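Engineer: So here's protein.txt (compact mmCIF, C-alpha atoms).
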# COMPACT_ATOMS: atom_id res chain seq x y z
CA MET A 1 29.20 15.99 24.22
CA ARG A 2 27.39 17.93 26.92
CA THR A 3 27.24 21.09 24.79
CA LYS A 4 24.94 19.44 22.25
CA LYS A 5 22.08 19.39 24.72
CA THR A 6 21.85 23.18 24.62
CA VAL A 7 21.74 23.49 20.84
CA PRO A 8 18.50 25.28 19.87
CA ASP A 9 16.17 23.46 17.52
CA ALA A 10 16.48 26.21 14.88
CA VAL A 11 20.25 25.59 14.71
CA THR A 12 19.74 21.83 14.45
CA ARG A 13 17.34 22.40 11.56
CA ARG A 14 19.93 24.48 9.69
CA LEU A 15 22.69 21.87 10.03
CA PRO A 16 21.43 19.57 7.26
CA ARG A 17 21.35 22.60 4.95
CA TYR A 18 24.98 23.48 5.80
CA TYR A 19 25.88 19.86 5.15
CA ARG A 20 24.07 19.85 1.80
CA HIS A 21 25.62 23.12 0.60
CA LEU A 22 29.10 22.06 1.69
CA GLY A 23 28.60 18.74 -0.11
CA ASP A 24 27.74 20.66 -3.30
CA LEU A 25 30.89 22.78 -2.90
CA LEU A 26 32.97 19.67 -2.30
CA GLU A 27 31.60 18.05 -5.45
CA ALA A 28 32.41 21.25 -7.35
CA GLY A 29 36.04 20.85 -6.20
CA ARG A 30 36.15 23.81 -3.79
CA ASP A 31 38.82 23.74 -1.05
CA ARG A 32 37.73 26.66 1.06
CA ILE A 33 35.00 29.25 1.30
CA SER A 34 34.71 32.58 3.09
CA SER A 35 31.95 32.95 5.62
CA LYS A 36 30.62 35.78 3.42
CA GLU A 37 30.28 33.56 0.34
CA LEU A 38 28.82 30.69 2.32
CA SER A 39 26.30 33.08 3.87
CA GLU A 40 25.25 34.41 0.44
CA LYS A 41 24.88 30.88 -0.89
CA MET A 42 22.73 29.87 2.03
CA GLY A 43 20.72 33.05 2.45
CA VAL A 44 21.70 33.58 6.09
CA THR A 45 24.09 36.17 7.55
CA ALA A 46 27.79 35.40 8.08
CA SER A 47 27.28 36.20 11.75
CA GLN A 48 24.48 33.61 11.91
CA ILE A 49 26.79 30.96 10.47
CA ARG A 50 29.48 31.79 13.02
CA GLN A 51 26.96 31.68 15.85
CA ASP A 52 25.51 28.38 14.64
CA LEU A 53 28.90 26.70 14.32
CA ASN A 54 30.07 28.08 17.67
CA HIS A 55 27.57 25.72 19.31
CA PHE A 56 29.92 22.97 18.22
CA GLY A 57 33.20 24.72 18.88
CA GLY A 58 33.46 26.79 15.67
CA PHE A 59 35.39 25.72 12.62
CA GLY A 60 36.42 28.91 10.84
CA GLN A 61 39.74 30.72 10.80
CA GLN A 62 39.97 34.50 10.70
CA GLY A 63 41.06 35.62 7.24
CA TYR A 64 40.87 32.11 5.79
CA GLY A 65 37.22 31.19 6.05
CA TYR A 66 36.21 27.56 6.17
CA ASN A 67 37.96 24.48 4.88
CA VAL A 68 35.13 22.88 2.90
CA ALA A 69 36.12 19.21 3.33
CA HIS A 70 36.87 19.62 7.02
CA LEU A 71 33.64 21.49 7.81
CA HIS A 72 31.60 19.05 5.73
CA GLY A 73 33.15 16.14 7.62
CA GLU A 74 32.68 17.72 11.04
CA ILE A 75 29.03 18.63 10.42
CA GLY A 76 28.51 15.11 9.07
CA LYS A 77 29.90 13.76 12.37
CA ILE A 78 27.66 16.06 14.41
CA LEU A 79 24.65 14.96 12.37
CA GLY A 80 25.64 11.31 12.61
CA ILE A 81 25.97 10.79 8.86
CA THR A 82 29.14 8.79 9.40
CA ARG A 83 27.12 5.62 9.96
CA ASP A 84 24.23 3.79 8.30
CA TYR A 85 20.67 3.72 9.56
CA SER A 86 18.24 0.84 9.06
CA MET A 87 14.75 1.88 8.08
CA ILE A 88 11.46 0.13 7.50
CA VAL A 89 8.47 1.60 5.70
CA VAL A 90 4.97 0.79 6.92
CA GLY A 91 2.47 1.31 4.12
CA ALA A 92 3.56 0.31 0.62
CA GLY A 93 1.28 2.68 -1.29
CA ASN A 94 2.57 5.30 -3.73
CA MET A 95 4.33 7.37 -1.10
CA GLY A 96 5.79 4.38 0.78
CA ARG A 97 7.14 2.87 -2.43
CA ALA A 98 8.56 6.21 -3.59
CA ILE A 99 10.43 6.54 -0.30
CA ALA A 100 11.82 3.01 -0.63
CA LYS A 101 12.95 3.79 -4.18
CA HIS A 102 14.48 7.18 -3.38
CA THR A 103 18.20 6.65 -3.88
CA ASN A 104 19.15 9.97 -2.22
CA PHE A 105 18.27 8.58 1.20
CA GLU A 106 20.48 5.55 0.71
CA LYS A 107 23.32 7.78 -0.49
CA ALA A 108 23.08 9.60 2.86
CA GLY A 109 23.22 6.29 4.72
CA PHE A 110 19.50 5.64 5.23
CA CYS A 111 18.75 2.14 3.97
CA VAL A 112 15.22 0.81 3.68
CA ARG A 113 15.39 -2.86 4.74
CA ALA A 114 11.73 -3.84 4.48
CA LEU A 115 8.27 -2.57 3.56
CA PHE A 116 5.08 -3.68 5.27
CA ASP A 117 1.47 -3.57 4.12
CA ILE A 118 -1.84 -5.21 5.02
CA ASN A 119 -3.07 -5.28 1.41
CA PRO A 120 -2.65 -8.83 -0.04
CA LYS A 121 -2.21 -7.30 -3.50
CA ARG A 122 0.93 -5.51 -2.31
CA ILE A 123 2.39 -8.24 -0.09
CA GLY A 124 5.15 -10.09 -1.94
CA LEU A 125 5.86 -7.28 -4.39
CA SER A 126 9.47 -6.28 -4.82
CA VAL A 127 10.30 -2.57 -4.62
CA ARG A 128 13.87 -1.96 -5.78
CA GLY A 129 14.70 -5.44 -4.52
CA ILE A 130 13.02 -4.88 -1.16
CA GLU A 131 10.16 -7.23 -0.39
CA VAL A 132 6.75 -5.98 0.73
CA ARG A 133 5.88 -8.09 3.79
CA ASP A 134 2.64 -8.74 5.59
CA THR A 135 2.13 -6.31 8.48
CA ALA A 136 1.21 -9.36 10.55
CA THR A 137 4.94 -10.22 10.54
CA LEU A 138 6.07 -6.73 11.67
CA LYS A 139 6.22 -7.61 15.35
CA ASP A 140 8.53 -10.57 14.73
CA TYR A 141 10.63 -8.53 12.30
CA LEU A 142 11.26 -5.86 14.94
CA LYS A 143 12.39 -8.55 17.42
CA THR A 144 15.11 -9.85 15.12
CA ASP A 145 16.08 -6.96 12.83
CA LYS A 146 17.52 -3.80 14.32
CA THR A 147 15.47 -0.87 13.06
CA ASP A 148 16.64 2.68 13.64
CA ILE A 149 13.85 4.56 11.92
CA ALA A 150 10.32 3.55 10.94
CA VAL A 151 8.56 5.46 8.19
CA ILE A 152 4.76 5.70 8.41
CA ALA A 153 3.20 6.00 4.96
CA THR A 154 -0.26 4.66 5.75
CA PRO A 155 -3.62 6.40 5.43
CA ALA A 156 -4.20 8.99 8.17
CA SER A 157 -6.97 6.90 9.73
CA VAL A 158 -4.57 4.16 10.92
CA ALA A 159 -1.37 6.19 11.39
CA GLY A 160 -1.84 6.70 15.13
CA GLU A 161 -2.49 3.02 15.69
CA VAL A 162 0.57 2.06 13.61
CA ALA A 163 2.72 4.50 15.58
CA ASP A 164 1.53 3.02 18.91
CA PHE A 165 2.29 -0.49 17.65
CA LEU A 166 5.78 0.49 16.49
CA VAL A 167 6.61 2.21 19.77
CA LYS A 168 5.29 -0.73 21.78
CA ASN A 169 7.66 -2.93 19.80
CA GLY A 170 10.73 -0.84 20.45
CA VAL A 171 10.83 1.75 17.64
CA LYS A 172 12.15 5.08 18.91
CA TYR A 173 12.37 7.19 15.76
CA ILE A 174 9.40 7.76 13.47
CA TRP A 175 9.30 9.61 10.18
CA ASN A 176 5.62 10.25 9.54
CA PHE A 177 4.18 10.96 6.07
CA ALA A 178 0.53 10.28 6.94
CA PRO A 179 -1.59 13.46 7.12
CA ALA A 180 -2.10 13.05 10.88
CA ASP A 181 -0.19 14.63 13.75
CA ILE A 182 1.67 11.89 15.54
CA THR A 183 2.84 13.22 18.86
CA ALA A 184 5.91 11.82 20.52
CA THR A 185 5.40 10.07 23.83
CA GLY A 186 8.12 9.11 26.29
CA ASP A 187 11.50 8.88 24.61
CA VAL A 188 10.14 8.52 21.08
CA ILE A 189 11.04 11.17 18.51
CA VAL A 190 8.69 11.90 15.63
CA GLU A 191 9.42 13.97 12.56
CA ASN A 192 6.16 14.80 10.77
CA VAL A 193 6.25 15.56 7.03
CA HIS A 194 2.94 17.15 6.11
CA LEU A 195 2.99 17.46 2.35
CA THR A 196 -0.60 18.62 1.95
CA ASP A 197 -0.04 21.33 4.59
CA SER A 198 2.98 22.52 2.62
CA LEU A 199 0.97 22.58 -0.60
CA ILE A 200 -1.90 24.45 1.05
CA THR A 201 0.56 27.08 2.29
CA LEU A 202 1.43 27.71 -1.34
CA ALA A 203 -2.27 27.96 -2.25
CA TYR A 204 -2.77 30.46 0.57
CA ARG A 205 -0.03 32.69 -0.85
CA LEU A 206 -1.57 32.46 -4.32
CA ASN A 207 -5.05 33.14 -3.02
CA GLU A 208 -3.91 35.99 -0.76
CA ARG A 209 -2.33 37.72 -3.73
CA GLU A 210 -5.23 37.21 -6.13
CA THR A 211 -7.69 38.51 -3.52
CA ASP A 212 -5.58 41.65 -3.06
CA LYS A 213 -5.73 42.52 -6.74
CA MET B 1 -8.74 41.85 2.84
CA ARG B 2 -6.07 44.32 3.91
CA THR B 3 -5.64 42.60 7.28
CA LYS B 4 -4.21 39.46 5.66
CA LYS B 5 -1.01 41.26 4.79
CA THR B 6 -0.05 41.48 8.44
CA VAL B 7 -0.56 37.80 9.25
CA PRO B 8 2.75 36.39 10.54
CA ASP B 9 4.22 33.44 8.69
CA ALA B 10 3.99 31.22 11.80
CA VAL B 11 0.22 31.75 11.89
CA THR B 12 -0.09 30.99 8.17
CA ARG B 13 1.82 27.76 8.72
CA ARG B 14 -0.58 26.68 11.47
CA LEU B 15 -3.72 27.29 9.38
CA PRO B 16 -3.45 24.09 7.30
CA ARG B 17 -3.19 22.14 10.57
CA TYR B 18 -6.35 23.79 11.95
CA TYR B 19 -8.05 22.96 8.69
CA ARG B 20 -6.92 19.33 8.82
CA HIS B 21 -7.95 18.82 12.45
CA LEU B 22 -11.33 20.47 11.88
CA GLY B 23 -11.83 18.26 8.81
CA ASP B 24 -11.18 15.19 10.98
CA LEU B 25 -13.72 16.43 13.54
CA LEU B 26 -16.24 17.11 10.81
CA GLU B 27 -15.81 13.60 9.43
CA ALA B 28 -16.29 12.25 12.95
CA GLY B 29 -19.64 14.05 13.04
CA ARG B 30 -18.73 16.74 15.59
CA ASP B 31 -20.83 19.93 15.62
CA ARG B 32 -18.82 22.06 17.98
CA ILE B 33 -15.62 22.03 19.97
CA SER B 34 -14.37 24.06 22.92
CA SER B 35 -11.19 26.04 22.43
CA LYS B 36 -9.74 23.89 25.26
CA GLU B 37 -10.40 20.60 23.48
CA LEU B 38 -9.20 21.94 20.14
CA SER B 39 -6.04 23.19 21.80
CA GLU B 40 -5.35 19.80 23.39
CA LYS B 41 -5.95 18.04 20.09
CA MET B 42 -3.56 20.36 18.30
CA GLY B 43 -0.93 20.70 20.98
CA VAL B 44 -1.12 24.50 21.14
CA THR B 45 -2.64 26.68 23.87
CA ALA B 46 -6.25 27.84 23.72
CA SER B 47 -4.97 31.41 23.89
CA GLN B 48 -2.74 30.72 20.87
CA ILE B 49 -5.76 29.51 18.88
CA ARG B 50 -7.74 32.63 19.80
CA GLN B 51 -4.82 34.86 18.85
CA ASP B 52 -4.30 33.03 15.56
CA LEU B 53 -7.96 33.23 14.57
CA ASN B 54 -8.22 36.87 15.64
CA HIS B 55 -5.99 37.71 12.68
CA PHE B 56 -9.01 36.85 10.57
CA GLY B 57 -11.71 38.33 12.75
CA GLY B 58 -12.09 35.47 15.27
CA PHE B 59 -14.72 32.77 15.00
CA GLY B 60 -15.37 31.57 18.56
CA GLN B 61 -18.21 32.41 20.89
CA GLN B 62 -17.69 32.76 24.62
CA GLY B 63 -19.13 29.73 26.41
CA TYR B 64 -19.92 27.90 23.16
CA GLY B 65 -16.55 27.29 21.60
CA TYR B 66 -16.27 26.83 17.86
CA ASN B 67 -18.81 25.61 15.36
CA VAL B 68 -16.76 22.95 13.58
CA ALA B 69 -18.37 23.17 10.12
CA HIS B 70 -18.36 26.98 10.12
CA LEU B 71 -14.74 27.29 11.28
CA HIS B 72 -13.62 24.59 8.83
CA GLY B 73 -15.37 26.44 6.00
CA GLU B 74 -14.00 29.84 6.98
CA ILE B 75 -10.41 28.60 7.30
CA GLY B 76 -10.87 26.81 3.98
CA LYS B 77 -11.88 30.15 2.43
CA ILE B 78 -8.90 31.93 3.99
CA LEU B 79 -6.59 29.23 2.68
CA GLY B 80 -8.21 29.27 -0.74
CA ILE B 81 -9.31 25.62 -0.64
CA THR B 82 -12.66 26.60 -2.09
CA ARG B 83 -11.28 26.38 -5.61
CA ASP B 84 -9.18 23.98 -7.68
CA TYR B 85 -5.54 24.48 -8.58
CA SER B 86 -3.88 23.19 -11.74
CA MET B 87 -0.48 21.64 -11.22
CA ILE B 88 2.22 20.21 -13.42
CA VAL B 89 5.08 18.01 -12.27
CA VAL B 90 8.50 18.39 -13.86
CA GLY B 91 10.52 15.21 -13.39
CA ALA B 92 8.64 11.92 -13.66
CA GLY B 93 10.98 9.85 -11.48
CA ASN B 94 9.82 8.04 -8.34
CA MET B 95 9.00 11.17 -6.41
CA GLY B 96 7.33 12.97 -9.32
CA ARG B 97 5.16 9.96 -10.09
CA ALA B 98 4.26 9.47 -6.40
CA ILE B 99 3.12 13.10 -6.24
CA ALA B 100 1.00 12.68 -9.37
CA LYS B 101 -0.54 9.54 -7.89
CA HIS B 102 -1.18 11.00 -4.44
CA THR B 103 -4.97 11.21 -4.20
CA ASN B 104 -4.91 13.39 -1.06
CA PHE B 105 -3.73 16.36 -3.06
CA GLU B 106 -6.56 16.02 -5.54
CA LYS B 107 -9.07 15.68 -2.69
CA ALA B 108 -7.87 19.07 -1.45
CA GLY B 109 -8.34 20.58 -4.93
CA PHE B 110 -4.81 20.23 -6.28
CA CYS B 111 -5.01 18.48 -9.65
CA VAL B 112 -1.94 17.33 -11.54
CA ARG B 113 -2.67 18.00 -15.23
CA ALA B 114 0.61 16.90 -16.79
CA LEU B 115 4.03 15.44 -16.05
CA PHE B 116 7.19 16.32 -17.95
CA ASP B 117 10.47 14.50 -18.32
CA ILE B 118 13.48 14.51 -20.64
CA ASN B 119 14.03 10.75 -20.41
CA PRO B 120 12.64 9.04 -23.57
CA LYS B 121 11.90 5.92 -21.50
CA ARG B 122 9.46 7.91 -19.38
CA ILE B 123 7.90 10.08 -22.10
CA GLY B 124 4.54 8.63 -23.14
CA LEU B 125 4.00 6.69 -19.90
CA SER B 126 0.65 7.13 -18.22
CA VAL B 127 0.65 7.90 -14.50
CA ARG B 128 -2.87 7.56 -13.09
CA GLY B 129 -4.16 8.56 -16.51
CA ILE B 130 -1.84 11.55 -16.76
CA GLU B 131 0.57 11.47 -19.67
CA VAL B 132 4.30 12.00 -19.23
CA ARG B 133 5.24 14.56 -21.88
CA ASP B 134 8.56 15.60 -23.36
CA THR B 135 10.06 18.56 -21.49
CA ALA B 136 10.69 20.07 -24.94
CA THR B 137 6.92 20.72 -25.11
CA LEU B 138 6.74 22.42 -21.68
CA LYS B 139 7.09 25.94 -23.04
CA ASP B 140 4.15 25.48 -25.40
CA TYR B 141 2.10 23.79 -22.70
CA LEU B 142 2.52 26.77 -20.38
CA LYS B 143 1.32 29.10 -23.15
CA THR B 144 -1.98 27.30 -23.59
CA ASP B 145 -2.72 25.58 -20.27
CA LYS B 146 -3.20 27.68 -17.16
CA THR B 147 -0.86 26.34 -14.50
CA ASP B 148 -1.16 27.52 -10.91
CA ILE B 149 1.60 25.48 -9.33
CA ALA B 150 4.63 23.71 -10.81
CA VAL B 151 6.23 20.87 -8.86
CA ILE B 152 9.95 20.34 -9.35
CA ALA B 153 10.91 16.70 -8.83
CA THR B 154 14.10 16.61 -10.87
CA PRO B 155 17.64 15.80 -9.72
CA ALA B 156 19.21 18.65 -7.70
CA SER B 157 21.73 19.38 -10.45
CA VAL B 158 19.08 20.73 -12.86
CA ALA B 159 16.49 22.05 -10.38
CA GLY B 160 17.70 25.66 -10.51
CA GLU B 161 17.70 25.66 -14.30
CA VAL B 162 14.18 24.15 -14.38
CA ALA B 163 12.96 26.78 -11.91
CA ASP B 164 14.39 29.60 -14.04
CA PHE B 165 12.72 28.16 -17.14
CA LEU B 166 9.36 27.84 -15.38
CA VAL B 167 9.50 31.40 -14.04
CA LYS B 168 10.53 32.75 -17.45
CA ASN B 169 7.45 31.09 -18.87
CA GLY B 170 5.02 32.57 -16.39
CA VAL B 171 4.96 30.14 -13.43
CA LYS B 172 4.59 32.00 -10.13
CA TYR B 173 4.26 29.19 -7.59
CA ILE B 174 6.82 26.43 -7.24
CA TRP B 175 6.72 23.39 -4.96
CA ASN B 176 10.27 22.10 -4.92
CA PHE B 177 11.18 18.51 -4.00
CA ALA B 178 14.70 18.55 -5.42
CA PRO B 179 17.42 18.65 -2.74
CA ALA B 180 18.50 22.15 -3.78
CA ASP B 181 17.49 25.49 -2.30
CA ILE B 182 15.47 27.33 -4.89
CA THR B 183 15.22 30.94 -3.89
CA ALA B 184 12.26 33.03 -4.93
CA THR B 185 13.00 35.95 -7.20
CA GLY B 186 10.61 38.79 -8.00
CA ASP B 187 7.01 37.84 -7.38
CA VAL B 188 7.61 34.07 -7.46
CA ILE B 189 6.82 32.03 -4.35
CA VAL B 190 8.73 28.84 -3.66
CA GLU B 191 7.90 26.22 -1.07
CA ASN B 192 10.88 23.90 -0.57
CA VAL B 193 10.30 20.36 0.72
CA HIS B 194 13.65 18.96 1.80
CA LEU B 195 12.99 15.34 2.65
CA THR B 196 16.60 14.35 3.20
CA ASP B 197 17.08 17.32 5.56
CA SER B 198 14.08 16.14 7.56
CA LEU B 199 15.44 12.60 7.72
CA ILE B 200 18.88 13.82 8.78
CA THR B 201 17.27 15.82 11.61
CA LEU B 202 15.91 12.52 12.91
CA ALA B 203 19.35 10.91 12.61
CA TYR B 204 20.85 13.82 14.54
CA ARG B 205 18.41 13.23 17.41
CA LEU B 206 19.24 9.53 17.42
CA ASN B 207 22.95 10.14 17.26
CA GLU B 208 22.85 12.87 19.91
CA ARG B 209 21.14 10.49 22.31
CA GLU B 210 23.43 7.52 21.61
CA THR B 211 26.52 9.70 22.03
CA ASP B 212 25.23 10.91 25.39
CA LYS B 213 24.92 7.38 26.75
What's the structure tokens form of this structure?
Structural biologist:
Amino acid sequence: MRTKKTVPDAVTRRLPRYYRHLGDLLEAGRDRISSKELSEKMGVTASQIRQDLNHFGGFGQQGYGYNVAHLHGEIGKILGITRDYSMIVVGAGNMGRAIAKHTNFEKAGFCVRALFDINPKRIGLSVRGIEVRDTATLKDYLKTDKTDIAVIATPASVAGEVADFLVKNGVKYIWNFAPADITATGDVIVENVHLTDSLITLAYRLNERETDK
Amino acid sequence: MRTKKTVPDAVTRRLPRYYRHLGDLLEAGRDRISSKELSEKMGVTASQIRQDLNHFGGFGQQGYGYNVAHLHGEIGKILGITRDYSMIVVGAGNMGRAIAKHTNFEKAGFCVRALFDINPKRIGLSVRGIEVRDTATLKDYLKTDKTDIAVIATPASVAGEVADFLVKNGVKYIWNFAPADITATGDVIVENVHLTDSLITLAYRLNERETDK
């Protein structure tokens, strides 16, 4: 597995897209696909696909293309989608609850086991059968319940503090939805999802165009 | 405004982060900040910041640094955050409703005016005072109500169809949350938010590390 270490981040970021497109093809009953068709579907060049997959040994056959089920399975293995991941969500506001309710994550093996909040009005609520617990019990929870990924869906003002607390209590993988940049320290890996930034990018494009008129 | 055209996408993508960090500083009562401190806060080099801002004329002063309020205001103008944007959300499931309820977007000037769904159980519901309407009325709505940005929060299977319908009826800016790649055609701009892809990237990191053990 030594080769994985050298995989560029841009390639890693494309893998989930390959996996998703191949899953769609699989559902549509496709057995195989040419690198040309796959490249058109994904909006990248066929040469890019070959280069990307060569990081993992390559899976195509000259003149045949790719076996959809095989490639889907192999990329799933590379991505680690062959197992389940336990998640907790800290912050049971609108975004936190929407994440807990999102069935697509569970379909991909990401199961929310518990939600945590400090607001007494939210504690005790059931979100798709998952109980909202008091954040005061988070430390004990992390001692007894294996947690692969913690989702931060708190206000920005406390997100950094929550991240520090989680890391101190053994969490290594953080998926952050709070509009604050949480930077990874030590061996912790953080994936920031900045929805407002994404929305503002769209506004910039709109504004740029209207100003040019 | 001709210069804007040449701004690289990577710079554009950093602008909302500058804006967010400067907003935090402003709220904390800061008047000015050195390029060094700003760079440390943002995790980019001071030279990068200068280069980025030079695309828009530059705003720093040698030996003084940046005036926080001025720079925040100027970047806000560049990004177009000085005005409000009307949004609609198509798909009033968990994610669509969470977006409509998310007060951060409204604070930044993005106001959800209406939600649409085809499910009779959802039609008529009120989400933070915003009515869920029948998708059958979407065409008429778009004729009478100016819509800057349409959010797609439908299942992946219908997302492409919904996008085509929106574009046909005059929508130019799409924020897509469905796990499908919607590609921009003509003068339409699409910003795809692939949450599952982001989560899988985190799983890949976890898996990569555990396999290396």
Engineer: Given a cut-off of 6 Å, which residues of chain B touch chain A, counting only C-alpha atoms, written out as a PDB file with C-alpha atoms, in the frame of the given file?
Structural biologist:
ATOM      1  CA  PRO B  16      -3.450  24.090   7.300  1.00  0.00           C
ATOM      2  CA  LEU B  79      -6.590  29.230   2.680  1.00  0.00           C
ATOM      3  CA  GLY B  80      -8.210  29.270  -0.740  1.00  0.00           C
ATOM      4  CA  ASN B  94       9.820   8.040  -8.340  1.00  0.00           C
ATOM      5  CA  MET B  95       9.000  11.170  -6.410  1.00  0.00           C
ATOM      6  CA  ALA B  98       4.260   9.470  -6.400  1.00  0.00           C
ATOM      7  CA  ASP B 197      17.080  17.320   5.560  1.00  0.00           C
ATOM      8  CA  TYR B 204      20.850  13.820  14.540  1.00  0.00           C
ATOM      9  CA  ASN B 207      22.950  10.140  17.260  1.00  0.00           C
TER      10      ASN B 207
END
Engineer: Neighbours of A:Gly65 within 10 Å (only C-alpha atoms; same-chain residues fewer than 6 positions away dropped), as a list in words?
Structural biologist: Arg32, Ile33, Ser34, Ser35, Lys36, Glu37, Leu38 and Phe59 of chain A
Engineer: Using only C-alpha atoms, can you tell me which of B:Val68, B:Ile182, B:Ile152, B:Val44 comes closest to B:Val89?
Structural biologist: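 Looking at the shortest contact to B:Val89, the residue is B:Ile152.
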Engineer: Could you tell me how far atom CA of B:Leu125 lies from atom CA of B:Thr144, in Å and to one decimal?
Structural biologist: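 It comes out at 21.8 Å.
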Engineer: Hey, can you check how far atom CA of A:Met87 sits from atom CA of B:Ala153?
Structural biologist: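 Taking atom CA of A:Met87 and atom CA of B:Ala153, their separation equals 22.8 Å.
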Engineer: Could you tell me how far atom CA of B:Leu71 lies from atom CA of A:Phe177, in Å and to one decimal?
Structural biologist: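 So the two atoms, atom CA of B:Leu71 and atom CA of A:Phe177, lie 25.5 Å apart.
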Engineer: Taking all atoms listed in the file into account, name the residue in A:Glu74, A:Glu40, A:Glu131, A:Glu161 that is nearest to A:Ala178.
Structural biologist: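 Among A:Glu74, A:Glu40, A:Glu131, A:Glu161, it is A:Glu161 that comes nearest to A:Ala178.
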Engineer: Hey, what's within 10 Å of B:Asp52 if we count all atoms listed in the file and toss same-chain stuff fewer than 2 positions away? As a PDB file with C-alpha atoms, in the coordinates of the input, please?
Structural biologist:
ATOM      1  CA  VAL B   7      -0.560  37.800   9.250  1.00  0.00           C
ATOM      2  CA  PRO B   8       2.750  36.390  10.540  1.00  0.00           C
ATOM      3  CA  ALA B  10       3.990  31.220  11.800  1.00  0.00           C
ATOM      4  CA  VAL B  11       0.220  31.750  11.890  1.00  0.00           C
ATOM      5  CA  THR B  12      -0.090  30.990   8.170  1.00  0.00           C
ATOM      6  CA  ARG B  14      -0.580  26.680  11.470  1.00  0.00           C
ATOM      7  CA  LEU B  15      -3.720  27.290   9.380  1.00  0.00           C
ATOM      8  CA  ALA B  46      -6.250  27.840  23.720  1.00  0.00           C
ATOM      9  CA  SER B  47      -4.970  31.410  23.890  1.00  0.00           C
ATOM     10  CA  GLN B  48      -2.740  30.720  20.870  1.00  0.00           C
ATOM     11  CA  ILE B  49      -5.760  29.510  18.880  1.00  0.00           C
ATOM     12  CA  ARG B  50      -7.740  32.630  19.800  1.00  0.00           C
ATOM     13  CA  ASN B  54      -8.220  36.870  15.640  1.00  0.00           C
ATOM     14  CA  HIS B  55      -5.990  37.710  12.680  1.00  0.00           C
ATOM     15  CA  PHE B  56      -9.010  36.850  10.570  1.00  0.00           C
ATOM     16  CA  GLY B  57     -11.710  38.330  12.750  1.00  0.00           C
ATOM     17  CA  GLY B  58     -12.090  35.470  15.270  1.00  0.00           C
TER      18      GLY B  58
END
Engineer: If you take every atom of stretch 153-171 of chain A that the file lists and fit an axis-aligned box around them with 6 Å extra on each side, what centre and edge lengths come out in Å to one decimal, as JSON?
Structural biologist:
{"center_x": 1.9, "center_y": 3.0, "center_z": 13.4, "size_x": 29.8, "size_y": 23.9, "size_z": 28.8}
